[in-house]
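Undergrad: What follows is the file structure-v9.txt, containing compact mmCIF, C-alpha atoms:
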# COMPACT_ATOMS: atom_id res chain seq x y z
CA MET A 1 71.62 57.99 2.45
CA GLY A 2 68.90 55.68 1.16
CA LEU A 3 71.33 52.77 0.87
CA LEU A 4 72.42 53.32 4.45
CA GLN A 5 68.83 53.27 5.67
CA VAL A 6 68.25 50.06 3.74
CA GLY A 7 71.28 48.50 5.39
CA VAL A 8 70.16 49.59 8.85
CA GLY A 9 66.68 48.22 8.21
CA ALA A 10 68.09 44.92 6.97
CA VAL A 11 70.32 44.58 10.03
CA ASN A 12 67.49 45.35 12.42
CA GLY A 13 65.24 42.88 10.63
CA VAL A 14 67.80 40.07 10.69
CA LEU A 15 68.51 40.64 14.39
CA ALA A 16 64.80 40.78 15.29
CA ASP A 17 64.12 37.51 13.47
CA GLN A 18 66.87 35.63 15.35
CA TRP A 19 64.53 34.68 18.19
CA ARG A 20 62.98 31.23 18.12
CA GLU A 21 59.20 31.57 18.08
CA TYR A 22 56.23 29.62 19.38
CA PHE A 23 53.25 29.05 17.07
CA TYR A 24 49.96 27.48 18.07
CA CYS A 25 46.26 27.34 17.29
CA PRO A 26 44.41 28.92 20.23
CA SER A 27 41.01 27.35 19.44
CA MET A 28 39.20 25.83 16.49
CA GLU A 29 35.43 26.04 16.46
CA ALA A 30 33.29 23.24 15.05
CA ASP A 31 32.54 25.15 11.85
CA VAL A 32 36.18 26.16 11.18
CA LEU A 33 38.01 23.96 8.70
CA VAL A 34 41.31 25.86 8.35
CA LYS A 35 42.91 28.39 10.69
CA LYS A 36 46.15 30.30 10.36
CA GLY A 37 48.68 29.67 13.13
CA GLU A 38 49.44 32.47 15.57
CA ASN A 39 52.79 33.54 17.00
CA ARG A 40 52.25 33.71 20.73
CA LYS A 41 53.89 36.68 22.45
CA SER A 42 53.32 37.13 26.15
CA ARG A 43 53.73 40.35 28.13
CA ARG A 44 57.18 39.25 29.23
CA SER A 45 58.36 38.59 25.67
CA TYR A 46 60.89 40.94 24.12
CA ASN A 47 60.47 39.44 20.68
CA THR A 48 58.03 42.12 19.57
CA LYS A 49 59.76 43.46 16.48
CA GLY A 50 59.98 40.28 14.43
CA SER A 51 58.81 40.33 10.81
CA ASP A 52 55.34 39.10 9.88
CA ASN A 53 55.03 35.72 8.13
CA ILE A 54 58.58 34.73 9.02
CA ILE A 55 59.38 31.52 10.93
CA SER A 56 62.88 31.45 12.39
CA ASN A 57 64.84 28.23 12.30
CA GLY A 58 64.21 26.11 15.40
CA SER A 59 60.78 27.58 16.09
CA VAL A 60 58.32 25.40 17.97
CA ILE A 61 54.83 24.59 16.72
CA ALA A 62 52.19 22.99 18.97
CA VAL A 63 49.85 20.56 17.19
CA ASN A 64 46.67 19.57 19.04
CA GLU A 65 44.62 16.38 18.77
CA GLY A 66 42.28 16.40 15.78
CA GLN A 67 44.50 18.83 13.87
CA CYS A 68 46.97 18.68 11.02
CA MET A 69 49.61 21.37 10.54
CA ILE A 70 51.27 22.45 7.31
CA ILE A 71 54.00 25.00 6.73
CA VAL A 72 53.94 27.00 3.51
CA ASP A 73 57.20 28.64 2.42
CA GLN A 74 57.10 30.97 -0.57
CA GLY A 75 53.74 29.47 -1.59
CA ALA A 76 54.91 25.84 -1.46
CA ILE A 77 54.12 23.27 1.22
CA VAL A 78 57.39 22.29 2.87
CA GLU A 79 56.26 20.51 6.09
CA VAL A 80 53.23 18.48 7.17
CA CYS A 81 52.54 17.13 10.65
CA ALA A 82 49.39 15.30 11.79
CA GLU A 83 50.75 13.95 15.10
CA ALA A 84 49.73 15.75 18.26
CA GLY A 85 52.61 17.27 20.20
CA GLU A 86 55.56 19.58 19.68
CA PHE A 87 56.96 20.10 16.21
CA VAL A 88 60.34 21.84 15.72
CA PHE A 89 60.83 23.56 12.38
CA ASP A 90 64.56 22.96 11.87
CA THR A 91 64.74 23.42 8.08
CA SER A 92 63.67 27.03 7.84
CA ALA A 93 65.42 29.35 5.40
CA GLU A 94 65.46 32.06 8.08
CA PRO A 95 68.54 31.48 10.29
CA SER A 96 68.83 31.78 14.05
CA ILE A 97 71.98 31.98 16.12
CA PHE A 98 70.07 30.22 18.93
CA TYR A 99 69.57 27.00 16.98
CA GLY A 100 71.84 24.84 14.85
CA GLY A 101 75.16 26.16 16.10
CA LEU A 102 76.48 29.67 16.63
CA GLY A 103 79.00 29.67 13.77
CA LYS A 104 76.51 28.39 11.22
CA GLY A 105 73.86 30.78 12.54
CA ILE A 106 76.12 33.81 12.12
CA LEU A 107 77.14 32.76 8.59
CA ASP A 108 73.54 32.20 7.50
CA SER A 109 72.52 35.51 9.11
CA PHE A 110 75.01 37.39 6.91
CA LYS A 111 73.51 35.68 3.89
CA ALA A 112 70.03 36.72 4.99
CA PHE A 113 71.30 40.30 5.51
CA ALA A 114 72.70 40.40 1.97
CA ARG A 115 69.43 39.11 0.54
CA ARG A 116 67.39 41.68 2.43
CA VAL A 117 69.61 44.51 1.27
CA THR A 118 68.89 43.53 -2.32
CA MET A 119 65.17 43.56 -1.47
CA GLY A 120 65.29 47.10 -0.15
CA GLY A 121 65.42 45.98 3.49
CA ASP A 122 62.36 43.73 3.22
CA THR A 123 62.48 40.03 4.06
CA GLY A 124 61.62 38.93 0.54
CA ARG A 125 60.02 35.79 2.05
CA ASP A 126 56.59 34.64 3.11
CA GLN A 127 56.19 31.73 5.54
CA ARG A 128 52.88 30.69 7.06
CA ILE A 129 51.48 27.96 9.29
CA TYR A 130 47.98 26.54 8.80
CA PHE A 131 46.05 24.22 11.06
CA PHE A 132 43.40 21.91 9.55
CA ASN A 133 40.46 20.54 11.47
CA THR A 134 40.63 16.75 10.94
CA LYS A 135 37.76 15.95 13.31
CA GLU A 136 34.36 14.96 11.96
CA ILE A 137 32.37 17.93 10.70
CA ILE A 138 28.90 16.95 11.86
CA GLY A 139 25.42 18.39 11.47
CA ASN A 140 25.45 18.94 7.71
CA LYS A 141 21.80 18.85 6.70
CA TYR A 142 20.51 17.73 3.32
CA GLY A 143 17.09 17.31 1.78
CA THR A 144 15.67 16.54 -1.64
CA ALA A 145 13.76 19.57 -2.84
CA ASN A 146 12.45 17.52 -5.77
CA PRO A 147 11.52 13.82 -5.72
CA VAL A 148 14.38 11.45 -6.51
CA PRO A 149 13.70 8.35 -8.67
CA PHE A 150 13.87 5.04 -6.80
CA ARG A 151 13.50 1.60 -8.31
CA VAL A 152 11.32 -0.75 -6.26
CA VAL A 153 12.15 -4.43 -6.76
CA ASP A 154 10.19 -7.19 -5.01
CA GLN A 155 11.30 -10.62 -6.16
CA ASN A 156 8.52 -12.32 -4.18
CA ILE A 157 5.81 -10.92 -6.43
CA GLY A 158 7.86 -10.07 -9.51
CA LEU A 159 7.51 -6.30 -8.94
CA ASP A 160 9.91 -3.94 -10.71
CA ILE A 161 8.72 -0.33 -11.00
CA ASP A 162 10.14 3.18 -10.63
CA ILE A 163 8.71 5.60 -8.10
CA ALA A 164 9.81 8.97 -6.74
CA ILE A 165 10.79 9.49 -3.10
CA ARG A 166 11.80 12.39 -0.89
CA CYS A 167 14.29 12.06 1.94
CA HIS A 168 16.21 14.27 4.33
CA GLY A 169 18.74 13.86 7.08
CA GLU A 170 22.28 14.79 8.13
CA TYR A 171 25.76 13.66 7.23
CA ALA A 172 29.27 14.14 8.57
CA TYR A 173 32.54 14.40 6.69
CA ARG A 174 36.18 14.87 7.56
CA ILE A 175 39.31 16.18 5.89
CA VAL A 176 41.49 13.17 5.06
CA ASP A 177 44.02 14.92 2.80
CA PRO A 178 44.87 18.47 4.01
CA ILE A 179 47.31 19.01 1.14
CA LEU A 180 44.60 18.52 -1.49
CA PHE A 181 42.20 20.65 0.51
CA TYR A 182 44.77 23.45 0.69
CA LYS A 183 45.72 23.29 -2.97
CA ASN A 184 42.22 22.99 -4.44
CA ILE A 185 39.89 24.61 -1.90
CA CYS A 186 41.12 27.05 0.72
CA GLY A 187 44.51 28.16 -0.63
CA ASN A 188 46.58 30.84 1.07
CA VAL A 189 43.83 32.26 3.28
CA GLU A 190 44.43 35.04 5.76
CA ASP A 191 41.35 34.51 7.91
CA ASP A 192 39.56 31.37 9.06
CA TYR A 193 38.08 29.14 6.37
CA THR A 194 34.68 27.89 7.55
CA ARG A 195 32.47 25.12 6.24
CA SER A 196 29.80 27.64 5.21
CA GLU A 197 32.03 28.54 2.25
CA ILE A 198 31.87 25.00 0.84
CA ASP A 199 28.56 23.66 2.17
CA SER A 200 26.51 24.73 -0.85
CA GLN A 201 28.83 22.96 -3.30
CA LEU A 202 29.01 19.80 -1.21
CA LYS A 203 25.25 19.63 -0.78
CA SER A 204 24.67 20.07 -4.51
CA GLU A 205 27.10 17.28 -5.41
CA LEU A 206 25.68 15.02 -2.68
CA LEU A 207 22.11 15.36 -3.96
CA THR A 208 23.34 14.66 -7.49
CA ALA A 209 24.96 11.42 -6.30
CA LEU A 210 21.86 10.31 -4.38
CA GLN A 211 20.04 9.13 -7.52
CA PRO A 212 22.67 6.57 -8.63
CA ALA A 213 23.20 5.63 -4.97
CA PHE A 214 19.51 4.81 -4.60
CA ALA A 215 19.72 2.76 -7.79
CA ARG A 216 22.48 0.61 -6.27
CA ILE A 217 20.54 0.25 -3.03
CA SER A 218 17.45 -0.95 -4.89
CA GLU A 219 19.55 -3.50 -6.81
CA MET A 220 20.47 -4.99 -3.42
CA GLY A 221 16.77 -5.68 -2.85
CA ILE A 222 16.45 -3.01 -0.14
CA ARG A 223 13.11 -1.24 -0.04
CA TYR A 224 12.94 2.52 0.28
CA SER A 225 11.22 2.22 3.66
CA ALA A 226 14.27 0.32 4.97
CA LEU A 227 16.82 2.98 3.96
CA PRO A 228 17.33 4.30 7.54
CA GLY A 229 18.58 0.85 8.51
CA HIS A 230 21.15 0.80 5.69
CA ALA A 231 22.75 4.20 6.26
CA ASP A 232 26.25 2.68 6.41
CA ASP A 233 25.77 0.98 3.04
CA LEU A 234 24.53 4.25 1.60
CA ALA A 235 27.58 6.11 2.95
CA GLU A 236 29.94 3.62 1.30
CA ILE A 237 28.12 3.91 -2.01
CA LEU A 238 28.19 7.72 -1.85
CA ASN A 239 31.92 7.70 -1.07
CA ASP A 240 32.44 5.47 -4.08
CA LEU A 241 30.43 7.78 -6.32
CA LEU A 242 32.03 10.95 -4.92
CA SER A 243 35.56 9.58 -4.66
CA GLU A 244 36.75 11.45 -7.76
CA ASN A 245 35.56 14.90 -6.66
CA TRP A 246 35.54 14.70 -2.89
CA GLY A 247 38.35 12.24 -2.27
CA GLY A 248 40.59 12.93 -5.26
CA ARG A 249 40.06 16.68 -5.53
CA TYR A 250 38.83 18.08 -2.22
CA GLY A 251 40.56 15.65 0.12
CA ILE A 252 37.41 14.95 2.15
CA ARG A 253 35.31 11.84 2.80
CA ILE A 254 31.85 11.12 4.16
CA SER A 255 32.25 9.54 7.59
CA THR A 256 28.59 8.99 8.53
CA PHE A 257 25.32 9.39 6.67
CA GLY A 258 21.96 9.56 8.41
CA VAL A 259 18.48 9.25 6.93
CA ASN A 260 15.79 10.82 9.10
CA SER A 261 12.79 9.99 6.93
CA VAL A 262 11.90 8.63 3.52
CA LYS A 263 8.55 9.40 1.97
CA ALA A 264 6.96 8.26 -1.27
CA PRO A 265 3.82 9.80 -2.80
CA GLU A 266 0.59 8.38 -1.39
CA GLU A 267 -0.54 7.11 -4.77
CA ASP A 268 2.72 5.16 -5.22
CA GLU A 269 2.52 3.64 -1.75
CA LYS A 270 -1.11 2.67 -2.32
CA MET A 271 -0.24 1.08 -5.66
CA ILE A 272 2.62 -1.00 -4.20
CA LYS A 273 0.49 -2.22 -1.28
CA GLU A 274 -2.33 -3.16 -3.66
CA LEU A 275 0.03 -5.12 -5.92
CA GLN A 276 1.54 -6.95 -2.96
CA ARG A 277 -1.91 -7.72 -1.58
CA ASN A 278 -3.18 -9.04 -4.90
CA ALA A 279 -0.05 -11.14 -5.38
CA ALA A 280 -0.74 -12.89 -2.08
CA PHE A 281 -4.01 -14.21 -3.54
CA ARG A 282 -2.06 -16.36 -6.01
CA ASN A 283 -2.10 -18.84 -3.16
CA PRO A 284 -5.50 -20.60 -3.51
CA ALA A 285 -5.80 -21.10 0.24
CA MET A 286 -5.34 -17.39 0.94
CA ALA A 287 -7.73 -16.49 -1.87
CA ALA A 288 -10.32 -18.89 -0.45
CA ALA A 289 -9.89 -17.43 3.04
CA GLN A 290 -10.37 -13.93 1.63
CA LEU A 291 -13.49 -15.07 -0.23
CA VAL A 292 -14.94 -16.66 2.90
CA SER A 293 -14.23 -13.47 4.85
CA ALA A 294 -15.92 -11.36 2.17
CA GLN A 295 -18.95 -13.68 2.12
CA SER A 296 -19.19 -13.55 5.90
CA ALA A 297 -19.03 -9.75 5.87
CA ALA A 298 -21.70 -9.64 3.16
CA MET A 299 -23.91 -11.97 5.19
CA GLN A 300 -23.56 -9.82 8.29
CA ALA A 301 -24.28 -6.67 6.33
CA ALA A 302 -27.38 -8.24 4.75
CA ALA A 303 -28.62 -9.52 8.10
CA SER A 304 -28.34 -6.05 9.56
CA ASN A 305 -30.26 -4.53 6.64
CA PRO A 306 -33.95 -4.27 7.65
CA ASN A 307 -35.01 -3.70 4.03
CA ALA A 308 -33.70 -7.01 2.71
CA GLY A 309 -35.02 -10.37 3.78
CA PRO A 310 -32.88 -13.40 4.63
CA MET A 311 -33.65 -15.11 1.32
CA MET A 312 -32.43 -12.13 -0.68
CA ALA A 313 -29.28 -11.98 1.45
CA PHE A 314 -28.44 -15.66 0.84
CA ALA A 315 -29.23 -15.31 -2.86
CA GLY A 316 -26.90 -12.34 -3.19
CA MET A 317 -24.16 -14.15 -1.29
CA ASN A 318 -24.43 -17.23 -3.52
CA MET A 319 -24.29 -15.10 -6.64
CA ALA A 320 -21.16 -13.39 -5.33
CA GLY A 321 -19.60 -16.70 -4.36
CA GLN A 322 -20.19 -18.20 -7.83
CA ALA A 323 -19.00 -15.13 -9.73
CA GLY A 324 -16.42 -16.14 -12.30
CA GLY A 325 -17.16 -19.82 -11.78
CA VAL A 326 -14.97 -20.08 -8.65
CA ASN A 327 -16.07 -20.57 -5.08
CA ALA A 328 -14.27 -21.05 -1.77
CA GLN A 329 -14.67 -24.84 -1.83
CA ASN A 330 -12.98 -25.09 -5.23
CA LEU A 331 -10.13 -22.89 -4.03
CA PHE A 332 -9.56 -24.96 -0.89
CA ALA A 333 -9.57 -28.13 -3.02
CA MET A 334 -7.04 -26.56 -5.37
CA ALA A 335 -4.79 -25.63 -2.43
CA GLN A 336 -4.99 -29.18 -1.06
CA GLN A 337 -4.11 -30.61 -4.45
CA GLN A 338 -1.09 -28.33 -4.74
CA ALA A 339 0.05 -29.32 -1.26
CA GLN A 340 -0.19 -33.00 -2.15
CA GLN A 341 1.77 -32.47 -5.35
CA ALA A 342 4.44 -30.55 -3.45
CA ALA A 343 4.83 -33.30 -0.82
CA PRO A 344 8.35 -34.76 -0.87
CA PRO A 345 8.84 -38.36 -2.09
CA GLY A 346 8.62 -40.92 0.67
CA GLY A 347 6.48 -38.67 2.88
CA MET A 348 4.32 -40.31 5.54
CA GLY A 349 6.40 -43.48 5.16
CA PHE A 350 5.16 -44.30 1.62
CA PRO A 351 7.07 -43.83 -1.65
CA SER A 352 4.67 -41.24 -3.06
CA GLY A 353 3.64 -39.50 0.14
CA GLN A 354 0.23 -41.22 -0.02
CA PRO A 355 -1.00 -44.25 1.95
CA ALA A 356 -0.37 -47.61 0.25
CA ALA A 357 -3.35 -49.11 -1.54
CA ALA A 358 -4.97 -52.17 0.05
CA PRO A 359 -4.20 -55.49 -1.68
CA ALA A 360 -6.85 -56.69 -4.09
CA ALA A 361 -9.30 -59.30 -2.82
CA GLY A 362 -8.19 -62.94 -3.29
CA THR A 363 -4.48 -62.10 -3.50
CA TRP A 364 -1.84 -63.23 -1.05
CA THR A 365 1.65 -62.17 0.00
CA CYS A 366 4.54 -64.59 0.02
CA GLY A 367 7.11 -64.84 2.80
CA CYS A 368 9.73 -63.38 0.39
CA GLY A 369 7.77 -60.14 0.33
CA THR A 370 6.14 -60.50 -3.09
CA ALA A 371 2.55 -59.22 -2.91
CA GLY A 372 -0.40 -59.62 -5.28
CA ASN A 373 -0.02 -63.35 -5.94
CA THR A 374 -3.29 -64.96 -7.21
CA GLY A 375 -2.26 -68.53 -7.94
CA LYS A 376 -1.16 -71.40 -5.73
CA PHE A 377 2.55 -70.54 -6.02
CA CYS A 378 4.55 -67.31 -5.58
CA SER A 379 5.36 -65.66 -8.88
CA GLU A 380 8.78 -64.59 -7.59
CA CYS A 381 10.24 -67.48 -5.56
CA GLY A 382 7.83 -70.37 -6.36
CA ARG A 383 6.81 -71.07 -2.77
CA PRO A 384 3.36 -72.58 -2.34
CA ARG A 385 0.50 -70.51 -1.07
CA PRO A 386 -0.10 -70.88 2.70
CA ASP A 387 -3.06 -73.23 3.21
CA GLY A 388 -6.31 -71.42 4.10
CA GLU A 389 -4.79 -67.88 4.28
CA TRP A 390 -6.50 -64.98 2.52
CA ILE A 391 -6.25 -61.20 2.51
CA CYS A 392 -9.30 -59.03 3.03
CA THR A 393 -9.98 -55.90 1.00
CA CYS A 394 -8.98 -53.85 4.05
CA GLY A 395 -5.50 -55.39 3.90
CA THR A 396 -5.78 -57.75 6.89
CA ARG A 397 -4.38 -61.27 6.45
CA ASN A 398 -6.87 -63.89 7.72
CA LYS A 399 -7.36 -67.66 7.92
CA GLY A 400 -11.00 -67.94 8.99
CA LYS A 401 -14.21 -67.28 7.09
CA PHE A 402 -14.48 -63.68 8.27
CA CYS A 403 -12.00 -60.80 8.47
CA SER A 404 -10.68 -60.31 11.97
CA GLU A 405 -10.43 -56.55 11.37
CA CYS A 406 -13.53 -55.44 9.48
CA GLY A 407 -15.75 -58.56 9.71
CA LYS A 408 -16.21 -59.02 5.98
CA PRO A 409 -16.81 -62.60 4.82
CA ARG A 410 -14.19 -64.43 2.80
CA GLN A 411 -14.80 -64.12 -0.91
What would you get if you wrote out this structure as structure tokens?

TA:
Amino acid sequence: MGLLQVGVGAVNGVLADQWREYFYCPSMEADVLVKKGENRKSRRSYNTKGSDNIISNGSVIAVNEGQCMIIVDQGAIVEVCAEAGEFVFDTSAEPSIFYGGLGKGILDSFKAFARRVTMGGDTGRDQRIYFFNTKEIIGNKYGTANPVPFRVVDQNIGLDIDIAIRCHGEYAYRIVDPILFYKNICGNVEDDYTRSEIDSQLKSELLTALQPAFARISEMGIRYSALPGHADDLAEILNDLLSENWGGRYGIRISTFGVNSVKAPEEDEKMIKELQRNAAFRNPAMAAAQLVSAQSAAMQAAASNPNAGPMMAFAGMNMAGQAGGVNAQNLFAMAQQQAQQAAPPGGMGFPSGQPAAAPAAGTWTCGCGTAGNTGKFCSECGRPRPDGEWICTCGTRNKGKFCSECGKPRQ
């Protein structure tokens, strides 16, 4: 009697599973990463006695934009589709007389009946459809609970120190490999798999990768205050650092990374500003300008002090100006000297950047261009000296008794 009931149950099951089915994903909220496909059955459908987790051959699966569908048969992934549209599952192990030919459908149905009899009337098979959300998962907040080391490098002043910064913001990621995500993360879930189940792990690994990411950013000469403007660079660095775990194990990738604010301790910011300010005074001109400004402020403060006379104010200012043996005049002279030394060769039309020296008195210049001749003949070409011509100390060539330029008498 029991064997007969098993046979009847197997027959009813095989006949009920002959209908082609329609699977779809009704909706996928923003926080849902994986959702199991549903077999739609309207009020006019007579396919109400089909077995659970069975997909008949020729069944239709609707794949929406921003989704990837996988079919799992007996625990193994047998089909993957990431293109939006209609997908027909024509390689199912569950036969249907309505797809693939009547004769073949009947033959395969007898085989399925025999298998179910040996399983006590049960299907002995588990087939499922899962839909993966491949859109960007946005709004994932992060924040450094503890300060993260950041190396500050300023080549202009030779600064290279380590400070600690805090930052917070949001990032977005997306599933780029649903097969890895299924195998290593969600598995054979029955209900929806939401991002809240993985957020804690992702945030922990992200904050761990921030420290070496900041180190690479600082090596590029980017200051911590400029991090919001280099969010794309930071995202690429984080993807590189997290590629083994996130890309190679979870099948996800950071798509965008946003930095809302970056804050360093006040003492560190004050120290950096002071070092940069002091380094600017290596320029003598800037140091002299600062000294003049300080002296002017001291003079104004002394003049407004009714208890100190003008003489005491000037005396105090002079003492401050001569402190260390350096005053503003010396600094300005030093800056001018450095500027002259840095002038390019040939500047101002002269070989050394300086005006040409006036010819010595009593010398003359030959027509060949040789200057500084003192005798009656040119030392270069042997031409005789022009009769009655002389050169003044100011450089003017004259023939009379007085210089036509400066009025000096001929020596």

Undergrad: Fewer than 5 positions away in the same chain doesn't count, so skip those; otherwise give me all residues within 10 Å of stretch 77-81 of chain A, counting only C-alpha atoms, as a ChimeraX atom specification.

TA: /A:61,63,67-72,86-87,89,91-92,127-131,178-179,182-183

Undergrad: Rank A:Ile161, A:Lys263, A:Lys141, A:Ile237 by their smallest atom-to-atom distance to A:Lys203, using all atoms listed in the file, and report the top residue only.

TA: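 The closest residue to A:Lys203 is A:Lys141.
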
Undergrad: Would you mind telling me which residue in A:Leu180, A:Ile272, A:Leu107, A:Ala172 lies nearest to A:Leu159 when using only C-alpha atoms?

TA: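 Closest to A:Leu159 of all the choices is A:Ile272.
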
Undergrad: With all atoms listed in the file as the atoms that count, which of A:Gln18, A:Val262, A:Ala209, A:Tyr171 lies nearest to A:Asp108?

TA: A:Gln18

Undergrad: So that I can check the surroundings of A:Leu15, please list as number ranges by chain every protein, DNA and RNA residue that reaches within 9 Å of it, counting all atoms listed in the file and ignoring chain neighbours fewer than 6 positions away.

TA: A: 50, 96, 109

Undergrad: Next, the residues of the selection above should be written as a PDB file, in the coordinates of the input with C-alpha atoms.

TA:
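This went into part.pdb:
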ATOM      1  CA  GLY A  50      59.980  40.280  14.430  1.00  0.00           C
ATOM      2  CA  SER A  96      68.830  31.780  14.050  1.00  0.00           C
ATOM      3  CA  SER A 109      72.520  35.510   9.110  1.00  0.00           C
TER       4      SER A 109
END

Undergrad: Go through A:Glu29, A:Ser379, A:Lys104, A:Arg410 and flag the residue nearest A:Cys394, using only C-alpha atoms for the distances.

TA: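 That would be A:Arg410, the residue with the smallest distance to A:Cys394.
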
Undergrad: Using all atoms listed in the file, which of A:Glu21, A:Val88, A:Gly169, A:Glu94 sits nearest A:Arg116?

TA: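 Smallest distance to A:Arg116 is found for A:Glu94.
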
Undergrad: Go ahead and compute the interatomic distance for atom CA of A:Leu241 and atom CA of A:Asp268, in Å to one decimal.

TA: 27.9 Å

Undergrad: So what do you get for atom CA of A:Asn140 versus atom CA of A:Arg195, distance-wise?

TA: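 Between these atoms lies a distance of 9.5 Å.
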
Undergrad: Quick check, in Å to one decimal: how far apart do atom CA of A:Tyr224 and atom CA of A:Val152 lie?

TA: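 Between atom CA of A:Tyr224 and atom CA of A:Val152 the gap is 7.5 Å.
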
Undergrad: When you count all atoms listed in the file, which of these residues is closest to A:Thr118: A:Trp19, A:Pro384, A:Leu3, A:Glu190?

TA: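 Using all atoms listed in the file, A:Thr118 sits closest to A:Leu3.
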
Undergrad: Name the residues in contact with A:Cys25 at a cut-off of 8 Å, using only C-alpha atoms, excluding same-chain residues fewer than 3 positions from it; report them as JSON, numbers by chain.

TA: {"A": [28, 35, 36, 37, 38, 62, 63, 64, 131]}

Undergrad: Would you list the residues near (25.8, 16.0, -2.2) (no more than 10 Å away, in the coordinates of the file, using only C-alpha atoms) as JSON, numbers by chain?

TA: {"A": [142, 143, 171, 199, 200, 201, 202, 203, 204, 205, 206, 207, 208, 209, 210, 238, 242, 246]}
